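Colleague: What follows is a structure written as structure tokens; I'll ask about it next.
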Amino acid sequence: MKIKFFSIILFIAYFLSGQTKESNNTESKFNDNKFKQLYEEFSSPNNFRTASGAPGPDYYQQKVDYNMEIELNEENDILYGKSIITYHNNSPDDLEYLWVQLDQNIRKNNSPSLEKNPSSISELKQIESFVDDLLLKPFDGGFNIDYVKDSNGKNLKQVVNNTMMLVHPSSPIKSGDKYIFSIKWNYSINNHVKKRGRSGYEYFSEDGNKSYVIAQFFPRLAVYNDVEGWQNHQFWGNGEFALNFGDYKVNITVPADHILEATGELQNPKEVLTKVEFNRYKKALNTQDEPVLIVNQEEVVMKEKNISNKKKTWKFIAKNVRDFAFASSRKFIWDMMIVPINGKNIVASSLYPKEGNPLWEEYSTKVVAQTLKTFSKYTFDYPYPKAVSVHAKNQGMEYPMICWNYGRPEKDGSYSDRVKYGMISVIIHEIGHNFFPMIVNSDERQWGWMDEGIDTFLQYLTEKEFDPEYPSRRGPANRIIPYMSGNQKYIAPIMSNPENVFQLGPNAYAKPATALNILRETIMGNELFDFAFKTFSKRWMFKHPTPEDFFRTMEDASAVDLDWFWRGWFYSTDYVDIGIKNFKRFYISSEPGKKVKDIFDGYGITKNELSPLVFMVSEDEESFNPDLKDGNPIEKSLPLKKFIDENFLNEEFNKLKPSNYFYEVEFEKPGGLVMPVILELTYVDGSKKIIKYPAEIWRKNDDSFKKVLVSEKEIKNLTIDPNEETADINLSNNNWPKIELPSDFEKFKSKIKG
Amino acid sequence: MIILVKILVIVFNSLIIINSNHPYYISATQVFYSKKDNQFQCTSRFFIDDLESLYKSKSDKNQIYKFQKDKFDIFLREHLKENFVIFLDDIKQNQSFIGTEFSNDVIIIYFEYQIKSNFKKIKIKNSILMNHINDQKNIVHLKTENENQSYLLTLRKPFFSINKKLILNEN
């Protein structure tokens, strides 16, 4: 009756696995498995966007071209502009109306965004902030629209709703048609240092001059697409921009002694530069490795004193960009060089007031070059002709081919490492934004993390290429622990609108960047990750991807199921905490241990009635016989010995190098996130080995699981995640035997006192 | 976009920098009562630029400011002695300064107190930076093996007192 015995053994094994106490759970449920595919979260794939994450056969995007005349009035800080807009309706729909973004309206005195946060009286206030907040009237900015006209000069009906303007074309714009209309406007330029604007001027009281960094300065068409219809979510301040690609022709008139840089290629360098400057400019376009100064500090100091009242017009053309920005000042020092990227020479340059030196002349342009190289390596060759880094106080902000960056030394020119690395990091970050979202053009208004998180991730890789010892703030897994282990009341999932998160920095920048880093280093490996990531970048270069397009592509190009990862890291606020609950060594025995014996007794059977069995006894059992520890383990079980003798030649068996060490380790998971389990074994002889269990180990048991370790050597201790690569928020359960980790205080104290 | 401003976020014993349009001045100090060593082990986290601006305001205006860590530490040691004070049963305790280290934009200050265990009442004052930055908020986490209580201190009330039995759940 072999079958009967076999089933008894199965039954006993079931009892031994510890399932006895479980009562029969009759509660039904929906599929809440953490490995369930994201069918409910994702929209259905369609002809616009495919299930593989690529643009579909019917994918379309609108194109908007701008032809603009701009004048900067330095005396009154007013910007005047006129644009002729050509709207190409590539959508399958006829459009009855257009939405135009008026971002400057966020600075109107009656802007709802000024009232978006609660406020309370603080009984104590610093004088300066008291005066600014409670005594002075807020700056009253915003667009003044002179007219909106069609190409025949007829006024078009328009309605302004806060930061969005509805324009009614003379007749609906048919699918495939283009529509030309023009807008004339002006606005008062704000001091960007005071209220932390993304654009405006900085005033230098010592010489009375200003430097202008000008952006969101013209009415920009909102995006119309297959996902949002019109993306006309108001601009509240945090959710940045959703913009169309197009070609720009822009003429900007400024005081004649200003130096100006902008999105696009300068068309008339000979007209706007002095002879000396022009020769240096030409030299810079042929110089690699070391930037050439086109305007130097000495010349700037002279200009600061003798202000010109003449004007000059700088002319730019930019192809296939989603925005346009410029910086202008007589205070600008200008350096430039070229960076070869895969055979094409890109122009890297920097503009900075003398207050930025000596930091800026030393690092800025070189960091621009490094960023273009590293980002191109991981995505696609930088397609634009140039990249400019402009020094603006306190802010870092990105535009196509040009960006504003902070980092200012003390008055005497000295600076700390903090200031230096802060500046290098922000330049990498903002130049990097050329790739995301300027070229891989995601919708920032809705998904802040898509450009910020991906950019911060590549920023980390660039920092490490710039200097392997670089003190990166964001990227390494363990740096995100304080955030992820924080009070859940103040944490929002990554997949949230930037206006509605509690902490935008960790939410849109650090956590997604860390998640991608963990994906690359620990879950997918560099090769699979890099290929999939590059595939995403190339698929969506000069297009408008959604988060789903990213999630789908990363899986489609790697054959790594990542739904569990996206769900946990991007859709939830769960954290990682995996630990070791128990670790036991077992010995081979010809006699059953107490547990088995009890069950045998219960059935009234003895081992002799069953087919031959090997028994395993753990050291911590009451009746453990210490003799089992010594000698050849095979000899400890007569049936086993007999089986081996009968079935193997001696030599043959010895070649198999039978293991002598049998262990059972039990893992627990107090944290909500599923992750691979990285287990380091340390043997008694001091050597180490890493075992990695796939995240899928958790799919049927979310709390704990056991694993058998069969080892050739005796194991001394175990560590989970020894290199801290999973952002495990609690290390106190990561070791066996449990060790008490010294507190940070004790660590520091013993370091100081030796 | 990145705005160079720091902010709020009170996670136990750490400061996280996030972007915001409103500067917020805050610090976090963990006071750990180690019963086995009879010590208060203190770890304070401040934004470096806040303390640096205090340091600058106290240094010689005729001299060009230069950051030197050893001098900065000496300055901090003095400021800390005056502004972070622990009283046990109204007796001021002796503070020993251990050192400082940087972690990005945050400076971490380590100091400790050797104490007698038979006290009844503890009072902690933390007015660091408050005379310089009136909006400064100093959070103190008083921690034992199993308890963790947090106090928000401001210029209006830069101290708190508590009975020992309340933090230790002792009778």
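Going through the structure tokens in order, the chains are called A, B, and so on, while each chain numbers its residues from 1 and the ligands are numbered from 1 in the order shown.
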Considering only C-alpha atoms, return as a PyMOL selection string whatever protein or nucleic-acid residues lie within 6 Å of region 137-149 of chain B, sequence-local ones (same chain, fewer than 5 positions apart) excluded.
Modeller: chain B and resi 26-33+154
Colleague: Keeping all heavy atoms, export the residues of the selection given above as a tab-separated table (two decimals), in the first residue's frame.
Modeller:
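The resulting again-v4.tsv:
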```tsv
chain	number	residue	atom	x	y	z
B	26	ILE	N	13.71	76.00	10.19
B	26	ILE	CA	13.38	74.91	11.09
B	26	ILE	C	14.62	74.10	11.42
B	26	ILE	O	15.58	74.06	10.66
B	26	ILE	CB	12.27	74.03	10.46
B	26	ILE	CG1	11.60	73.16	11.51
B	26	ILE	CG2	12.82	73.19	9.33
B	26	ILE	CD1	10.23	72.69	11.08
B	27	SER	N	14.60	73.47	12.59
B	27	SER	CA	15.67	72.54	12.95
B	27	SER	C	15.03	71.38	13.68
B	27	SER	O	13.89	71.48	14.13
B	27	SER	CB	16.70	73.21	13.86
B	27	SER	OG	16.17	73.28	15.18
B	28	ALA	N	15.78	70.28	13.76
B	28	ALA	CA	15.28	69.14	14.53
B	28	ALA	C	16.39	68.61	15.41
B	28	ALA	O	17.52	68.43	14.95
B	28	ALA	CB	14.79	68.05	13.58
B	29	THR	N	16.08	68.40	16.67
B	29	THR	CA	17.07	67.87	17.59
B	29	THR	C	16.50	66.63	18.27
B	29	THR	O	15.38	66.67	18.79
B	29	THR	CB	17.43	68.90	18.69
B	29	THR	OG1	17.89	70.07	18.04
B	29	THR	CG2	18.49	68.36	19.63
B	30	GLN	N	17.25	65.57	18.23
B	30	GLN	CA	16.82	64.39	18.98
B	30	GLN	C	17.61	64.31	20.28
B	30	GLN	O	18.83	64.36	20.26
B	30	GLN	CB	17.05	63.12	18.17
B	30	GLN	CG	16.67	61.89	18.98
B	30	GLN	CD	16.88	60.61	18.19
B	30	GLN	OE1	16.08	60.26	17.33
B	30	GLN	NE2	17.96	59.92	18.47
B	31	VAL	N	16.89	64.26	21.40
B	31	VAL	CA	17.54	64.06	22.69
B	31	VAL	C	17.20	62.64	23.12
B	31	VAL	O	16.05	62.33	23.44
B	31	VAL	CB	17.01	65.07	23.74
B	31	VAL	CG1	17.66	64.82	25.09
B	31	VAL	CG2	17.27	66.49	23.26
B	32	PHE	N	18.20	61.79	23.07
B	32	PHE	CA	17.96	60.39	23.43
B	32	PHE	C	18.43	60.14	24.86
B	32	PHE	O	19.58	60.38	25.20
B	32	PHE	CB	18.70	59.46	22.46
B	32	PHE	CG	18.53	58.00	22.79
B	32	PHE	CD1	17.30	57.36	22.61
B	32	PHE	CD2	19.60	57.26	23.31
B	32	PHE	CE1	17.14	56.02	22.93
B	32	PHE	CE2	19.45	55.91	23.63
B	32	PHE	CZ	18.21	55.30	23.45
B	33	TYR	N	17.50	59.69	25.69
B	33	TYR	CA	17.85	59.39	27.07
B	33	TYR	C	18.35	57.95	27.14
B	33	TYR	O	17.56	57.01	27.07
B	33	TYR	CB	16.63	59.60	27.96
B	33	TYR	CG	16.86	59.24	29.43
B	33	TYR	CD1	18.13	59.34	30.00
B	33	TYR	CD2	15.80	58.84	30.23
B	33	TYR	CE1	18.35	59.03	31.33
B	33	TYR	CE2	16.00	58.52	31.57
B	33	TYR	CZ	17.28	58.61	32.11
B	33	TYR	OH	17.49	58.27	33.42
B	154	THR	N	9.42	77.91	19.83
B	154	THR	CA	9.54	79.15	19.07
B	154	THR	C	10.03	80.24	20.00
B	154	THR	O	10.14	80.04	21.21
B	154	THR	CB	8.17	79.57	18.50
B	154	THR	OG1	7.28	79.77	19.60
B	154	THR	CG2	7.60	78.53	17.57
```
Colleague: Near chain B, meaning an atom within 9 Å, which residues of chain A appear when counting only C-alpha atoms? Write them as JSON, numbers by chain.
Modeller: {"A": [122, 123, 124, 125, 126, 195, 196, 197, 198, 238, 240, 394, 395, 396, 397, 398, 405, 406, 410, 411, 412, 414, 415, 416, 418, 426, 429, 430, 452, 471, 472, 473, 482, 483, 485, 486, 487, 490, 503, 504, 505, 506, 744, 745, 746, 748, 749, 752, 753]}
Colleague: Check region 439-590 of chain A with DSSP on the backbone and list each residue it calls alpha helix (DSSP H), as a PyMOL selection string.
Modeller: chain A and resi 448-466+481-484+504+511-518+526-539+547-556+563-565
Colleague: Measuring between only C-alpha atoms, which one of A:Ile428, A:Ala215, A:Ile183, A:Val368 shows the shortest distance to Asp455 (chain A)?
Modeller: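 Of all the options, A:Ile428 lies closest to Asp455 (chain A).
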Colleague: Show which residues sit within 10 Å of Phe217 (chain A), as a VMD selection string. Count only C-alpha atoms, and ignore same-chain residues fewer than 3 positions away.
Modeller: chain A and resid 70 79 to 81 102 to 104 142 to 143 185 to 187 189 199 to 200 214 220 324 to 326
Colleague: Can I get the selection written as a CSV table (one decimal), in the first residue's frame, with C-alpha atoms?
Modeller:
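File produced: again.csv:
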```csv
chain,number,residue,atom,x,y,z
A,70,ILE,CA,10.0,91.6,-29.0
A,79,LEU,CA,8.3,93.7,-22.4
A,80,TYR,CA,6.5,94.5,-25.6
A,81,GLY,CA,5.7,91.7,-28.1
A,102,LEU,CA,-1.2,83.4,-20.4
A,103,ASP,CA,1.2,82.3,-17.7
A,104,GLN,CA,2.2,85.8,-16.7
A,142,GLY,CA,0.1,89.8,-16.0
A,143,PHE,CA,-0.4,90.2,-19.7
A,185,TRP,CA,0.7,92.2,-25.9
A,186,ASN,CA,2.9,93.7,-23.2
A,187,TYR,CA,3.6,93.0,-19.5
A,189,ILE,CA,8.6,92.4,-15.7
A,199,SER,CA,11.5,84.6,-15.0
A,200,GLY,CA,12.1,88.3,-14.4
A,214,ILE,CA,12.9,86.1,-19.7
A,220,ARG,CA,1.6,80.1,-26.0
A,324,PHE,CA,11.5,80.0,-26.4
A,325,ALA,CA,13.4,81.9,-23.7
A,326,PHE,CA,16.1,84.5,-23.6
```
Colleague: Identify, on the basis of only C-alpha atoms, every residue whose closest approach to region 676-678 of chain A does not exceed 8 Å; exclude the query and any residue fewer than 2 positions from it along the same chain; express the result as a ChimeraX atom specification.
Modeller: /A:523,578,674,680,690-697,720-722
Colleague: Filtering to N, CA, C and O atoms, could you give me those residues as an mmCIF file, in the first residue's frame?
Modeller:
```cif
data_model
loop_
_atom_site.group_PDB
_atom_site.id
_atom_site.type_symbol
_atom_site.label_atom_id
_atom_site.label_comp_id
_atom_site.auth_asym_id
_atom_site.auth_seq_id
_atom_site.Cartn_x
_atom_site.Cartn_y
_atom_site.Cartn_z
ATOM 1 N N ILE A 523 17.051 45.652 -10.118
ATOM 2 C CA ILE A 523 15.949 44.822 -10.601
ATOM 3 C C ILE A 523 16.139 44.381 -12.056
ATOM 4 O O ILE A 523 16.002 43.210 -12.365
ATOM 5 N N ILE A 578 12.147 44.598 4.670
ATOM 6 C CA ILE A 578 12.246 43.143 4.604
ATOM 7 C C ILE A 578 13.253 42.701 5.665
ATOM 8 O O ILE A 578 14.273 43.362 5.844
ATOM 9 N N VAL A 674 6.794 45.016 -2.412
ATOM 10 C CA VAL A 674 7.495 43.777 -2.726
ATOM 11 C C VAL A 674 8.790 44.160 -3.442
ATOM 12 O O VAL A 674 8.820 45.105 -4.216
ATOM 13 N N GLU A 680 22.958 38.033 1.811
ATOM 14 C CA GLU A 680 24.397 37.765 1.858
ATOM 15 C C GLU A 680 24.686 36.731 2.928
ATOM 16 O O GLU A 680 24.285 36.882 4.080
ATOM 17 N N ILE A 690 26.420 35.957 -2.276
ATOM 18 C CA ILE A 690 25.141 36.668 -2.378
ATOM 19 C C ILE A 690 24.122 35.784 -3.103
ATOM 20 O O ILE A 690 24.436 35.196 -4.141
ATOM 21 N N ILE A 691 22.937 35.671 -2.542
ATOM 22 C CA ILE A 691 21.850 34.957 -3.194
ATOM 23 C C ILE A 691 20.736 35.972 -3.431
ATOM 24 O O ILE A 691 20.442 36.789 -2.553
ATOM 25 N N LYS A 692 20.139 35.950 -4.626
ATOM 26 C CA LYS A 692 19.068 36.906 -4.893
ATOM 27 C C LYS A 692 17.790 36.140 -5.220
ATOM 28 O O LYS A 692 17.766 35.343 -6.155
ATOM 29 N N TYR A 693 16.739 36.351 -4.446
ATOM 30 C CA TYR A 693 15.427 35.778 -4.744
ATOM 31 C C TYR A 693 14.607 36.819 -5.490
ATOM 32 O O TYR A 693 14.572 37.976 -5.089
ATOM 33 N N PRO A 694 13.952 36.416 -6.579
ATOM 34 C CA PRO A 694 13.187 37.407 -7.355
ATOM 35 C C PRO A 694 12.024 37.965 -6.533
ATOM 36 O O PRO A 694 11.533 37.307 -5.609
ATOM 37 N N ALA A 695 11.580 39.160 -6.877
ATOM 38 C CA ALA A 695 10.456 39.771 -6.160
ATOM 39 C C ALA A 695 9.238 38.847 -6.182
ATOM 40 O O ALA A 695 8.429 38.842 -5.251
ATOM 41 N N GLU A 696 9.134 38.048 -7.243
ATOM 42 C CA GLU A 696 7.979 37.156 -7.403
ATOM 43 C C GLU A 696 7.857 36.147 -6.266
ATOM 44 O O GLU A 696 6.809 35.511 -6.101
ATOM 45 N N ILE A 697 8.902 35.990 -5.461
ATOM 46 C CA ILE A 697 8.833 35.093 -4.300
ATOM 47 C C ILE A 697 7.664 35.480 -3.380
ATOM 48 O O ILE A 697 7.128 34.653 -2.649
ATOM 49 N N ILE A 720 20.538 40.884 4.993
ATOM 50 C CA ILE A 720 19.693 41.241 3.854
ATOM 51 C C ILE A 720 20.126 42.594 3.324
ATOM 52 O O ILE A 720 20.426 43.504 4.098
ATOM 53 N N ASP A 721 20.181 42.703 2.017
ATOM 54 C CA ASP A 721 20.506 43.967 1.348
ATOM 55 C C ASP A 721 21.786 44.597 1.893
ATOM 56 O O ASP A 721 21.787 45.739 2.366
ATOM 57 N N PRO A 722 22.908 43.853 1.823
ATOM 58 C CA PRO A 722 24.140 44.326 2.475
ATOM 59 C C PRO A 722 24.647 45.654 1.906
ATOM 60 O O PRO A 722 25.315 46.407 2.608
#
```
Colleague: Please report the interatomic distance between CA of Pro633 (chain A) and CA of Phe615 (chain A) in Å with one decimal.
Modeller: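 So the answer is 11.7 Å.
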